[in-house]
file query16.csv (CSV, C-alpha atoms)
chain,number,residue,atom,x,y,z
A,5,MET,CA,11.7,-36.2,-39.0
A,6,ARG,CA,14.0,-33.2,-38.9
A,7,PHE,CA,13.0,-29.6,-38.4
A,8,LYS,CA,13.9,-26.6,-40.5
A,9,GLY,CA,17.2,-25.0,-39.4
A,10,SER,CA,17.8,-27.8,-36.9
A,11,ARG,CA,19.4,-31.2,-37.0
A,12,SER,CA,17.8,-32.1,-33.7
A,13,SER,CA,14.7,-34.1,-33.2
A,14,PHE,CA,11.8,-32.5,-31.3
A,15,LYS,CA,12.9,-34.4,-28.2
A,16,GLU,CA,16.4,-33.0,-28.3
A,17,VAL,CA,15.3,-29.5,-28.9
A,18,ALA,CA,12.7,-29.9,-26.1
A,19,ARG,CA,15.3,-31.2,-23.7
A,20,ARG,CA,17.3,-28.0,-24.2
A,21,LEU,CA,14.3,-25.9,-23.6
A,22,LEU,CA,13.4,-27.5,-20.3
A,23,PRO,CA,14.5,-25.9,-17.0
A,24,SER,CA,17.1,-27.8,-15.0
A,25,ASP,CA,14.6,-29.0,-12.4
A,26,GLY,CA,12.3,-30.7,-14.9
A,27,SER,CA,12.9,-32.9,-17.9
A,28,PHE,CA,11.0,-34.7,-20.5
A,29,ASP,CA,11.8,-38.2,-19.2
A,30,LEU,CA,10.7,-37.4,-15.7
A,31,CYS,CA,7.0,-37.5,-16.7
A,32,LEU,CA,5.2,-39.9,-14.4
A,33,SER,CA,2.2,-40.1,-16.8
A,34,CYS,CA,0.0,-39.2,-13.8
A,35,GLY,CA,-2.3,-37.1,-15.9
A,36,LEU,CA,-2.7,-34.2,-13.5
A,37,CYS,CA,-1.9,-31.9,-16.4
A,38,SER,CA,-4.7,-33.3,-18.6
A,39,SER,CA,-7.3,-33.6,-15.9
A,40,GLY,CA,-7.1,-29.9,-15.2
A,41,CYS,CA,-6.7,-28.7,-18.8
A,42,PRO,CA,-9.7,-27.0,-20.6
A,43,ALA,CA,-8.1,-27.9,-23.9
A,44,SER,CA,-8.0,-31.7,-23.1
A,45,GLY,CA,-9.9,-33.6,-25.8
A,46,LEU,CA,-9.7,-30.8,-28.4
A,47,ALA,CA,-8.3,-32.1,-31.7
A,48,ASP,CA,-8.0,-35.5,-30.0
A,49,MET,CA,-5.1,-34.3,-27.9
A,50,ASP,CA,-4.3,-33.4,-24.3
A,51,PRO,CA,-1.1,-32.3,-22.5
A,52,ARG,CA,-0.2,-35.8,-21.3
A,53,LYS,CA,-0.7,-37.3,-24.7
A,54,PHE,CA,1.3,-34.5,-26.3
A,55,LEU,CA,4.2,-35.1,-23.9
A,56,ARG,CA,4.1,-38.8,-24.4
A,57,LEU,CA,4.1,-38.5,-28.2
A,58,ALA,CA,7.1,-36.2,-28.0
A,59,SER,CA,8.9,-38.5,-25.6
A,60,LEU,CA,8.3,-41.5,-27.9
A,61,GLY,CA,9.6,-39.5,-30.9
A,62,GLN,CA,6.3,-39.1,-32.7
A,63,ASP,CA,7.6,-35.8,-34.1
A,64,GLU,CA,5.3,-35.8,-37.2
A,65,ILE,CA,2.2,-35.7,-35.0
A,66,ILE,CA,3.7,-33.1,-32.6
A,67,ALA,CA,4.7,-30.8,-35.4
A,68,THR,CA,1.3,-30.9,-37.2
A,69,THR,CA,-1.4,-31.2,-34.6
A,70,PRO,CA,-3.6,-28.0,-34.7
A,71,TRP,CA,-4.0,-28.5,-30.9
A,72,VAL,CA,-1.0,-26.3,-30.3
A,73,TRP,CA,-3.1,-23.4,-31.5
A,74,MET,CA,-6.0,-24.3,-29.3
A,75,CYS,CA,-3.9,-24.5,-26.1
A,76,THR,CA,-3.8,-20.9,-24.7
A,77,LEU,CA,-0.4,-21.5,-22.9
A,78,CYS,CA,-2.1,-20.8,-19.6
A,79,ARG,CA,0.5,-22.9,-17.7
A,80,ARG,CA,-2.0,-24.6,-15.4
A,81,CYS,CA,-0.5,-28.0,-16.4
A,82,THR,CA,2.9,-26.9,-15.3
A,83,HIS,CA,1.5,-25.4,-12.1
A,84,LEU,CA,0.1,-28.8,-11.2
A,85,CYS,CA,2.9,-31.1,-12.6
A,86,PRO,CA,4.8,-32.8,-9.7
A,87,MET,CA,7.9,-32.8,-11.9
A,88,HIS,CA,7.5,-29.2,-13.1
A,89,ILE,CA,7.7,-30.1,-16.7
A,90,ASP,CA,7.2,-27.0,-18.8
A,91,ILE,CA,4.6,-28.3,-21.3
A,92,PRO,CA,3.7,-24.8,-22.7
A,93,ALA,CA,7.3,-24.3,-23.7
A,94,LEU,CA,7.0,-27.5,-25.8
A,95,VAL,CA,3.7,-26.3,-27.2
A,96,TYR,CA,5.3,-23.0,-28.2
A,97,HIS,CA,8.2,-24.9,-29.8
A,98,ALA,CA,5.7,-27.0,-31.7
A,99,ARG,CA,4.1,-23.8,-33.0
A,100,THR,CA,7.6,-22.7,-34.4
A,101,CYS,CA,7.7,-26.0,-36.4
A,102,TRP,CA,4.8,-24.8,-38.5
A,103,PRO,CA,5.7,-23.1,-41.8
A,104,ARG,CA,4.7,-19.4,-41.3
A,105,GLU,CA,2.2,-19.6,-44.2
A,106,LYS,CA,0.4,-22.5,-42.5
A,107,ARG,CA,0.0,-20.9,-39.1
A,108,PRO,CA,-3.4,-19.3,-38.3
A,109,LYS,CA,-3.9,-16.4,-40.6
A,110,GLY,CA,-5.6,-14.2,-37.9
A,111,ILE,CA,-2.6,-14.5,-35.6
A,112,VAL,CA,0.1,-14.1,-38.3
A,113,GLY,CA,-1.8,-11.2,-39.9
A,114,SER,CA,-2.0,-9.4,-36.6
A,115,CYS,CA,1.7,-10.0,-36.1
A,116,ASP,CA,2.4,-8.6,-39.6
A,117,GLN,CA,0.2,-5.5,-39.0
A,118,ALA,CA,2.1,-4.8,-35.7
A,119,LEU,CA,5.5,-5.1,-37.4
A,120,ALA,CA,4.4,-2.7,-40.1
A,121,THR,CA,3.8,0.3,-37.8
A,122,GLY,CA,5.8,2.1,-35.1
A,123,THR,CA,2.8,1.8,-32.7
A,124,ALA,CA,3.2,-2.0,-32.6
A,125,SER,CA,-0.6,-2.2,-33.0
A,126,ALA,CA,-2.0,-5.5,-34.2
A,127,MET,CA,-4.7,-3.5,-35.9
A,128,GLY,CA,-2.2,-1.4,-37.8
A,129,THR,CA,-3.2,1.8,-36.1
A,130,ARG,CA,-0.9,4.7,-37.1
A,131,PRO,CA,0.7,7.0,-34.5
A,132,GLU,CA,-1.3,10.1,-35.7
A,133,ASP,CA,-4.6,8.2,-35.6
A,134,PHE,CA,-4.0,7.1,-32.0
A,135,ARG,CA,-3.3,10.7,-31.0
A,136,PHE,CA,-6.4,11.9,-32.8
A,137,VAL,CA,-8.7,9.4,-31.1
A,138,VAL,CA,-7.3,10.1,-27.6
A,139,GLU,CA,-7.5,13.9,-28.0
A,140,ASP,CA,-11.0,13.7,-29.6
A,141,VAL,CA,-12.4,11.5,-26.8
A,142,LEU,CA,-10.8,13.6,-24.2
A,143,ALA,CA,-12.2,16.8,-25.6
A,144,GLU,CA,-15.7,15.3,-25.5
A,145,VAL,CA,-15.4,14.2,-21.9
A,146,ARG,CA,-14.1,17.5,-20.7
A,147,GLU,CA,-16.9,19.3,-22.4
A,148,ASN,CA,-19.8,17.0,-21.5
A,149,GLN,CA,-19.0,15.5,-18.1
A,150,PRO,CA,-19.3,17.9,-15.1
A,151,GLY,CA,-16.3,17.5,-12.8
A,152,GLN,CA,-14.0,16.3,-15.6
A,153,GLU,CA,-13.2,19.7,-17.1
A,154,ASN,CA,-9.5,19.2,-16.2
A,155,LEU,CA,-9.2,15.5,-17.1
A,156,ALA,CA,-5.9,14.8,-18.9
A,157,ALA,CA,-4.7,12.1,-21.3
A,158,PRO,CA,-1.1,13.2,-22.0
A,159,VAL,CA,0.6,12.0,-25.1
A,160,ASN,CA,4.4,11.9,-25.5
A,161,ARG,CA,4.9,13.8,-22.2
A,162,ARG,CA,8.6,13.5,-21.6
A,163,GLY,CA,9.7,12.5,-18.2
A,164,ALA,CA,6.4,11.2,-17.0
A,165,TYR,CA,6.7,8.4,-14.3
A,166,TYR,CA,4.4,5.9,-16.0
A,167,PHE,CA,4.2,5.0,-19.7
A,168,LEU,CA,0.7,3.5,-20.2
A,169,ASN,CA,0.0,1.1,-23.0
A,170,GLN,CA,-3.4,0.1,-24.3
A,171,ASN,CA,-4.9,-2.8,-26.2
A,172,SER,CA,-5.5,-1.7,-29.8
A,173,ARG,CA,-9.1,-2.7,-29.7
A,174,GLU,CA,-9.9,0.1,-27.3
A,175,PRO,CA,-8.8,3.1,-29.3
A,176,VAL,CA,-10.0,1.5,-32.5
A,177,THR,CA,-13.3,-0.1,-31.7
A,178,GLU,CA,-14.5,1.2,-28.3
A,179,PRO,CA,-12.6,4.4,-27.5
A,180,ASP,CA,-15.0,5.3,-24.6
A,181,GLU,CA,-13.5,2.3,-22.7
A,182,MET,CA,-10.2,4.2,-22.4
A,183,VAL,CA,-11.8,7.0,-20.3
A,184,PRO,CA,-12.4,5.2,-17.0
A,185,LEU,CA,-8.7,4.4,-16.8
A,186,TRP,CA,-7.8,8.0,-17.4
A,187,LYS,CA,-10.1,9.1,-14.7
A,188,ILE,CA,-8.6,6.6,-12.2
A,189,LEU,CA,-5.1,7.8,-13.0
A,190,ASP,CA,-6.2,11.4,-12.6
A,191,TYR,CA,-8.0,10.7,-9.4
A,192,VAL,CA,-4.9,9.2,-7.7
A,193,GLY,CA,-2.7,11.9,-9.1
A,194,ALA,CA,-0.6,9.5,-11.2
A,195,ASP,CA,2.2,11.1,-13.3
A,196,TRP,CA,1.6,9.3,-16.6
A,197,THR,CA,1.7,9.5,-20.4
A,198,TYR,CA,0.8,7.6,-23.5
A,199,GLY,CA,3.3,7.5,-26.4
A,200,THR,CA,2.4,7.7,-30.0
A,201,LEU,CA,5.0,5.0,-30.6
A,202,GLY,CA,4.9,1.6,-29.0
A,203,TRP,CA,1.7,2.1,-27.1
A,204,ALA,CA,0.0,-1.2,-28.3
A,205,ALA,CA,-0.2,-3.7,-25.4
A,206,GLU,CA,-0.7,-6.8,-27.4
A,207,ASN,CA,2.1,-8.9,-29.0
A,208,TYR,CA,0.7,-11.3,-31.7
A,209,CYS,CA,4.1,-12.2,-32.9
A,210,MET,CA,4.6,-14.0,-29.6
A,211,PHE,CA,1.4,-15.9,-30.2
A,212,ALA,CA,2.5,-16.6,-33.8
A,213,ALA,CA,5.7,-18.1,-32.5
A,214,ASP,CA,7.6,-15.6,-34.6
A,215,ASP,CA,10.6,-15.2,-32.4
A,216,ALA,CA,12.3,-12.5,-34.4
A,217,GLY,CA,9.0,-10.5,-34.7
A,218,TRP,CA,8.3,-11.0,-31.0
A,219,GLU,CA,11.7,-9.5,-30.2
A,220,THR,CA,11.3,-6.7,-32.6
A,221,LEU,CA,8.0,-5.6,-31.1
A,222,VAL,CA,9.3,-5.8,-27.5
A,223,ARG,CA,12.4,-3.7,-28.5
A,224,ARG,CA,10.2,-1.2,-30.3
A,225,LYS,CA,8.1,-0.7,-27.2
A,226,VAL,CA,11.1,-0.5,-24.8
A,227,ALA,CA,12.6,2.1,-27.1
A,228,ALA,CA,9.4,4.2,-27.0
A,229,VAL,CA,9.3,4.1,-23.1
A,230,GLU,CA,13.0,5.0,-22.9
A,231,GLU,CA,12.7,7.7,-25.5
A,232,LEU,CA,10.2,9.5,-23.2
A,233,GLY,CA,12.4,8.8,-20.2
A,234,CYS,CA,9.6,7.1,-18.3
A,235,LYS,CA,10.4,5.0,-15.2
A,236,VAL,CA,7.6,2.5,-15.2
A,237,TRP,CA,6.0,0.7,-18.2
A,238,LEU,CA,2.3,0.1,-17.2
A,239,ASN,CA,1.0,-2.9,-19.1
A,240,THR,CA,-2.8,-3.2,-19.2
A,241,GLU,CA,-2.9,-6.4,-21.2
B,24,MET,CA,-2.5,-13.8,-12.8
B,25,ARG,CA,-0.9,-17.1,-11.8
B,26,LYS,CA,1.2,-17.0,-14.9
B,27,SER,CA,3.1,-13.7,-14.2
B,28,LEU,CA,2.4,-12.3,-10.8
B,29,GLY,CA,0.9,-15.1,-8.6
B,30,ASP,CA,-1.7,-15.1,-6.0
B,31,GLY,CA,-0.5,-12.0,-4.2
B,32,ILE,CA,-1.9,-9.7,-6.8
B,33,ALA,CA,-5.0,-11.8,-7.2
B,34,ASN,CA,-5.7,-11.2,-3.5
B,35,ASP,CA,-5.0,-7.5,-3.8
B,36,LEU,CA,-7.6,-7.3,-6.6
B,37,ARG,CA,-10.1,-9.2,-4.5
B,38,PHE,CA,-9.6,-6.6,-1.8
B,39,VAL,CA,-10.4,-3.9,-4.4
B,40,VAL,CA,-13.5,-5.7,-5.7
B,41,ARG,CA,-14.9,-6.4,-2.2
B,42,ARG,CA,-14.6,-2.7,-1.4
B,43,LEU,CA,-16.3,-1.7,-4.6
B,44,VAL,CA,-19.3,-4.0,-4.6
B,45,GLY,CA,-19.6,-4.7,-0.8
B,46,GLU,CA,-18.8,-8.0,0.9
B,47,GLU,CA,-22.3,-9.3,0.5
B,48,ASN,CA,-22.2,-8.9,-3.3
B,49,PHE,CA,-18.8,-10.6,-3.8
B,50,VAL,CA,-19.0,-14.3,-5.0
B,51,GLU,CA,-15.9,-16.3,-5.5
B,52,MET,CA,-15.9,-19.0,-8.3
B,53,HIS,CA,-14.4,-22.4,-7.8
B,54,PRO,CA,-11.7,-23.3,-8.2
B,55,ASN,CA,-10.0,-19.9,-7.9
B,56,ARG,CA,-6.7,-18.1,-7.8
B,57,SER,CA,-3.9,-20.3,-9.0
B,58,ASN,CA,-6.2,-23.3,-9.3
B,59,ASN,CA,-8.6,-21.5,-11.6
B,60,TYR,CA,-9.0,-22.2,-15.3
B,61,CYS,CA,-8.0,-20.0,-18.2
B,62,CYS,CA,-11.1,-18.6,-20.0
B,63,GLY,CA,-9.8,-19.6,-23.4
B,64,GLY,CA,-9.2,-16.2,-25.0
B,65,GLY,CA,-5.5,-16.1,-24.5
B,66,GLY,CA,-2.4,-17.3,-26.4
B,67,GLY,CA,-3.8,-15.9,-29.6
B,68,ALA,CA,-7.0,-18.1,-29.5
B,69,LEU,CA,-9.3,-15.2,-30.3
B,70,GLN,CA,-7.6,-14.8,-33.6
B,71,GLY,CA,-6.6,-18.5,-33.9
B,72,GLY,CA,-9.3,-19.5,-36.4
B,73,PHE,CA,-10.8,-22.3,-34.3
B,74,PRO,CA,-13.8,-20.7,-32.8
B,75,GLU,CA,-15.6,-24.0,-32.1
B,76,ALA,CA,-12.6,-25.3,-30.2
B,77,ARG,CA,-12.2,-22.0,-28.4
B,78,ARG,CA,-15.8,-22.1,-27.2
B,79,ARG,CA,-15.5,-25.7,-26.1
B,80,TYR,CA,-12.4,-24.7,-24.2
B,81,GLY,CA,-14.4,-22.0,-22.5
B,82,ARG,CA,-17.3,-24.2,-21.5
B,83,LEU,CA,-15.6,-24.9,-18.2
B,84,LYS,CA,-15.4,-21.1,-17.5
B,85,ALA,CA,-19.0,-20.6,-18.5
B,86,GLU,CA,-20.1,-23.3,-16.1
B,87,GLN,CA,-18.0,-21.9,-13.3
B,88,ILE,CA,-19.6,-18.5,-13.7
B,89,LYS,CA,-23.1,-19.9,-14.0
B,90,ALA,CA,-22.5,-21.9,-10.7
B,91,THR,CA,-21.9,-18.6,-8.8
B,92,GLY,CA,-25.2,-17.2,-9.8
B,93,ALA,CA,-23.5,-13.8,-10.1
B,94,THR,CA,-24.9,-11.2,-12.4
B,95,TYR,CA,-21.5,-9.6,-13.2
B,96,CYS,CA,-18.2,-11.2,-14.0
B,97,ILE,CA,-15.1,-9.0,-13.8
B,98,ALA,CA,-12.4,-9.7,-16.4
B,99,PRO,CA,-8.8,-8.7,-15.9
B,100,CYS,CA,-7.8,-7.9,-19.4
B,101,HIS,CA,-9.2,-7.2,-22.9
B,102,ASN,CA,-8.7,-10.7,-24.2
B,103,CYS,CA,-10.5,-12.3,-21.2
B,104,HIS,CA,-13.3,-9.7,-21.6
B,105,SER,CA,-13.9,-10.5,-25.2
B,106,GLN,CA,-13.9,-14.3,-24.6
B,107,ILE,CA,-16.1,-14.3,-21.5
B,108,HIS,CA,-18.5,-11.9,-23.1
B,109,ASP,CA,-18.7,-14.2,-26.1
B,110,LEU,CA,-19.2,-17.2,-23.8
B,111,ALA,CA,-22.2,-15.6,-22.1
B,112,GLU,CA,-23.8,-15.3,-25.5
B,113,HIS,CA,-22.9,-18.7,-26.7
B,114,TYR,CA,-23.8,-20.6,-23.5
B,115,ARG,CA,-26.8,-18.4,-22.7
B,116,GLY,CA,-25.3,-17.2,-19.4
B,117,ASN,CA,-27.2,-14.6,-17.4
B,118,TRP,CA,-24.1,-12.6,-16.5
B,119,ARG,CA,-22.6,-9.4,-17.9
B,120,THR,CA,-18.9,-9.0,-18.4
B,121,VAL,CA,-17.2,-5.9,-17.1
B,122,HIS,CA,-13.7,-4.4,-16.8
B,123,LEU,CA,-12.6,-3.5,-13.3
B,124,TRP,CA,-12.1,0.1,-14.3
B,125,THR,CA,-15.8,0.4,-15.0
B,126,LEU,CA,-16.7,-0.6,-11.4
B,127,ILE,CA,-14.0,1.6,-9.9
B,128,CYS,CA,-15.3,4.7,-11.7
B,129,LEU,CA,-18.9,3.7,-10.9
B,130,SER,CA,-18.1,3.5,-7.2
B,131,LEU,CA,-16.3,6.8,-7.3
B,132,GLY,CA,-19.3,8.4,-9.0
B,133,MET,CA,-17.4,9.4,-12.1
B,134,LEU,CA,-18.5,6.9,-14.7
B,135,GLY,CA,-19.9,8.7,-17.8
B,136,GLU,CA,-23.0,7.7,-19.8
B,137,ALA,CA,-21.0,6.5,-22.8
B,138,GLU,CA,-18.7,4.3,-20.5
B,139,ARG,CA,-21.5,1.9,-19.5
B,140,THR,CA,-21.7,-0.4,-22.6
B,141,TYR,CA,-21.3,-3.5,-20.5
B,142,LEU,CA,-23.5,-2.5,-17.5
B,143,GLY,CA,-27.1,-3.8,-17.2
B,144,PRO,CA,-30.2,-1.4,-17.3
B,145,GLU,CA,-30.2,-1.2,-13.5
B,146,LEU,CA,-26.9,0.5,-13.5
B,147,LYS,CA,-27.2,2.6,-16.7
B,148,GLU,CA,-28.1,5.7,-14.7
B,149,ALA,CA,-26.7,4.9,-11.3
B,150,CYS,CA,-24.4,7.6,-9.8
B,151,LEU,CA,-24.5,9.6,-13.0
call {"tool": "encode", "arguments": {"input": "query16.csv", "output": "structure tokens"}}
result
Amino acid sequence: MRFKGSRSSFKEVARRLLPSDGSFDLCLSCGLCSSGCPASGLADMDPRKFLRLASLGQDEIIATTPWVWMCTLCRRCTHLCPMHIDIPALVYHARTCWPREKRPKGIVGSCDQALATGTASAMGTRPEDFRFVVEDVLAEVRENQPGQENLAAPVNRRGAYYFLNQNSREPVTEPDEMVPLWKILDYVGADWTYGTLGWAAENYCMFAADDAGWETLVRRKVAAVEELGCKVWLNTE
Amino acid sequence: MRKSLGDGIANDLRFVVRRLVGEENFVEMHPNRSNNYCCGGGGGALQGGFPEARRRYGRLKAEQIKATGATYCIAPCHNCHSQIHDLAEHYRGNWRTVHLWTLICLSLGMLGEAERTYLGPELKEACL
């Protein structure tokens, strides 16, 4: 079987992906990867089996098993592997073999939402909505919580040292969960800001194995940090 | 933590947690640090459309938490929080799942009423 846009077999592609100190054929079949993998047995697959199938050229199974979406790419298998074989890189590559329309709708949908807005939010939150939520919650805290009258949650403050990002679910579904973080930053005197652009911490295009989308989102976020002249990008995800 | 920053930062966070809750209230799960298991919420799994597989993946984490007998489990990020919270419901665990920022503000006496969604009744009014 050949893959779209490539004349190479999965094994050839995988060989190029592997770091110099580990290679496909070095697998000892010891099973340390599988014994410590919480995804072992799901969809009748496990890391060792996945690697052996790839090694034996069973590309059809590799490119179609839904197991690649059940693996969380946690890297425990590689951490344990005596030959340092990067199995998650292979899993990621197998994800790219799926036609986009066949990949999990939830993941691809979140990627598309993020690509459609300058905030990079997987929930499609618009810049002005994020600003409104932050300012609304802040006003309530300052009014109702004694000792927090001067709490700040700066937005687009140029030259702040830290650019703070935030998982979209917080501003959208549980905005009060943002407040403890603001208080801690305030307490330690941190010089920080949110940005209306590029503030979303998550990157579902990476999970969707959409390389171009993944890069677009990262570049969008970097541009937002640089636009405000911040020195450190604080990732909460 | 293992994935991007290694055990150094895992140990730093343990220092913070021990100071917040007190040495006698800190329970380590096993295995831990770099040998620990992923909770199963990452890599897109929460949106992956295989909820049954996701929960079966997380059974190991649920058993680890149950074995500690702890009443609170601290999650490092939003994805882990959602997954571990869901595992407690699915596997009938007796723990509550909290963000570290909740405990930091609670300890500093600056956690507001509306910021206690994930705390149990015994802490709903503590240090208000």
call {"tool": "interface_residues", "arguments": {"input": "query16.csv", "of": "chain B", "to": "chain A", "cutoff": "7 Å", "atoms": "only C-alpha atoms", "output": "ChimeraX atom specification"}}
result
/B:26,61,63,65-68,70-72,76-77,80,83,100-101,124-125,128,134-135,137-138
call {"tool": "write_last_selection", "arguments": {"input": "query16.csv", "atoms": "C-alpha atoms", "output": "tab-separated table (two decimals), keeping the file's coordinate frame"}}
result
chain	number	residue	atom	x	y	z
B	26	LYS	CA	1.20	-17.00	-14.90
B	61	CYS	CA	-8.00	-20.00	-18.20
B	63	GLY	CA	-9.80	-19.60	-23.40
B	65	GLY	CA	-5.50	-16.10	-24.50
B	66	GLY	CA	-2.40	-17.30	-26.40
B	67	GLY	CA	-3.80	-15.90	-29.60
B	68	ALA	CA	-7.00	-18.10	-29.50
B	70	GLN	CA	-7.60	-14.80	-33.60
B	71	GLY	CA	-6.60	-18.50	-33.90
B	72	GLY	CA	-9.30	-19.50	-36.40
B	76	ALA	CA	-12.60	-25.30	-30.20
B	77	ARG	CA	-12.20	-22.00	-28.40
B	80	TYR	CA	-12.40	-24.70	-24.20
B	83	LEU	CA	-15.60	-24.90	-18.20
B	100	CYS	CA	-7.80	-7.90	-19.40
B	101	HIS	CA	-9.20	-7.20	-22.90
B	124	TRP	CA	-12.10	0.10	-14.30
B	125	THR	CA	-15.80	0.40	-15.00
B	128	CYS	CA	-15.30	4.70	-11.70
B	134	LEU	CA	-18.50	6.90	-14.70
B	135	GLY	CA	-19.90	8.70	-17.80
B	137	ALA	CA	-21.00	6.50	-22.80
B	138	GLU	CA	-18.70	4.30	-20.50
call {"tool": "atom_distance", "arguments": {"input": "query16.csv", "atom1": "atom CA of Arg223 of chain A", "atom2": "atom CA of Asp116 of chain A"}}
result
15.7 Å
call {"tool": "residues_around", "arguments": {"input": "query16.csv", "residues": "Leu30 of chain A", "least_positions_apart": "6", "cutoff": "12 Å", "atoms": "only C-alpha atoms", "output": "list in words"}}
result
Arg19, Leu22, Ser24, Leu55, Arg56, Ser59, Cys85, Pro86, Met87, His88, Ile89 and Asp90 of chain A
call {"tool": "residues_around", "arguments": {"input": "query16.csv", "residues": "Thr91 of chain B", "least_positions_apart": "3", "cutoff": "8 Å", "atoms": "all atoms listed in the file", "output": "count of residues only"}}
result
5
call {"tool": "atom_distance", "arguments": {"input": "query16.csv", "atom1": "atom CA of Val17 of chain A", "atom2": "atom CA of Gly61 of chain A"}}
result
11.7 Å
call {"tool": "atom_distance", "arguments": {"input": "query16.csv", "atom1": "atom CA of Thr140 of chain B", "atom2": "atom CA of Asn160 of chain A"}}
result
29.0 Å
call {"tool": "residues_around", "arguments": {"input": "query16.csv", "residues": "Gly64 of chain B", "least_positions_apart": "6", "cutoff": "8 Å", "atoms": "all atoms listed in the file", "output": "list in words"}}
result
Thr76 of chain A; Arg77, Asn102, Cys103, Ser105, Gln106 and Ile107 of chain B
call {"tool": "closest_residue", "arguments": {"input": "query16.csv", "among": "B:Asn59, B:His113, B:Phe38, B:Cys150", "to": "Glu75 of chain B", "atoms": "only C-alpha atoms"}}
result
B:His113
call {"tool": "residues_around", "arguments": {"input": "query16.csv", "residues": "Asn48 of chain B", "least_positions_apart": "3", "cutoff": "12 Å", "atoms": "all atoms listed in the file", "output": "list in words"}}
result
Val40, Arg41, Arg42, Leu43, Val44, Gly45, Glu51, Thr91, Gly92, Ala93, Thr94, Tyr95 and Cys96 of chain B
call {"tool": "residues_around", "arguments": {"input": "query16.csv", "residues": "Lys235 of chain A", "least_positions_apart": "4", "cutoff": "9 Å", "atoms": "all atoms listed in the file", "output": "PyMOL selection string"}}
result
chain A and resi 163-167+229-230
call {"tool": "closest_residue", "arguments": {"input": "query16.csv", "among": "A:Cys81, A:Ala194, A:Val138, A:Leu221", "to": "Ala120 of chain A", "atoms": "all atoms listed in the file"}}
result
A:Leu221
call {"tool": "closest_residue", "arguments": {"input": "query16.csv", "among": "A:Lys225, A:Arg20, A:Lys15, A:Lys53", "to": "Ala204 of chain A", "atoms": "all atoms listed in the file"}}
result
A:Lys225
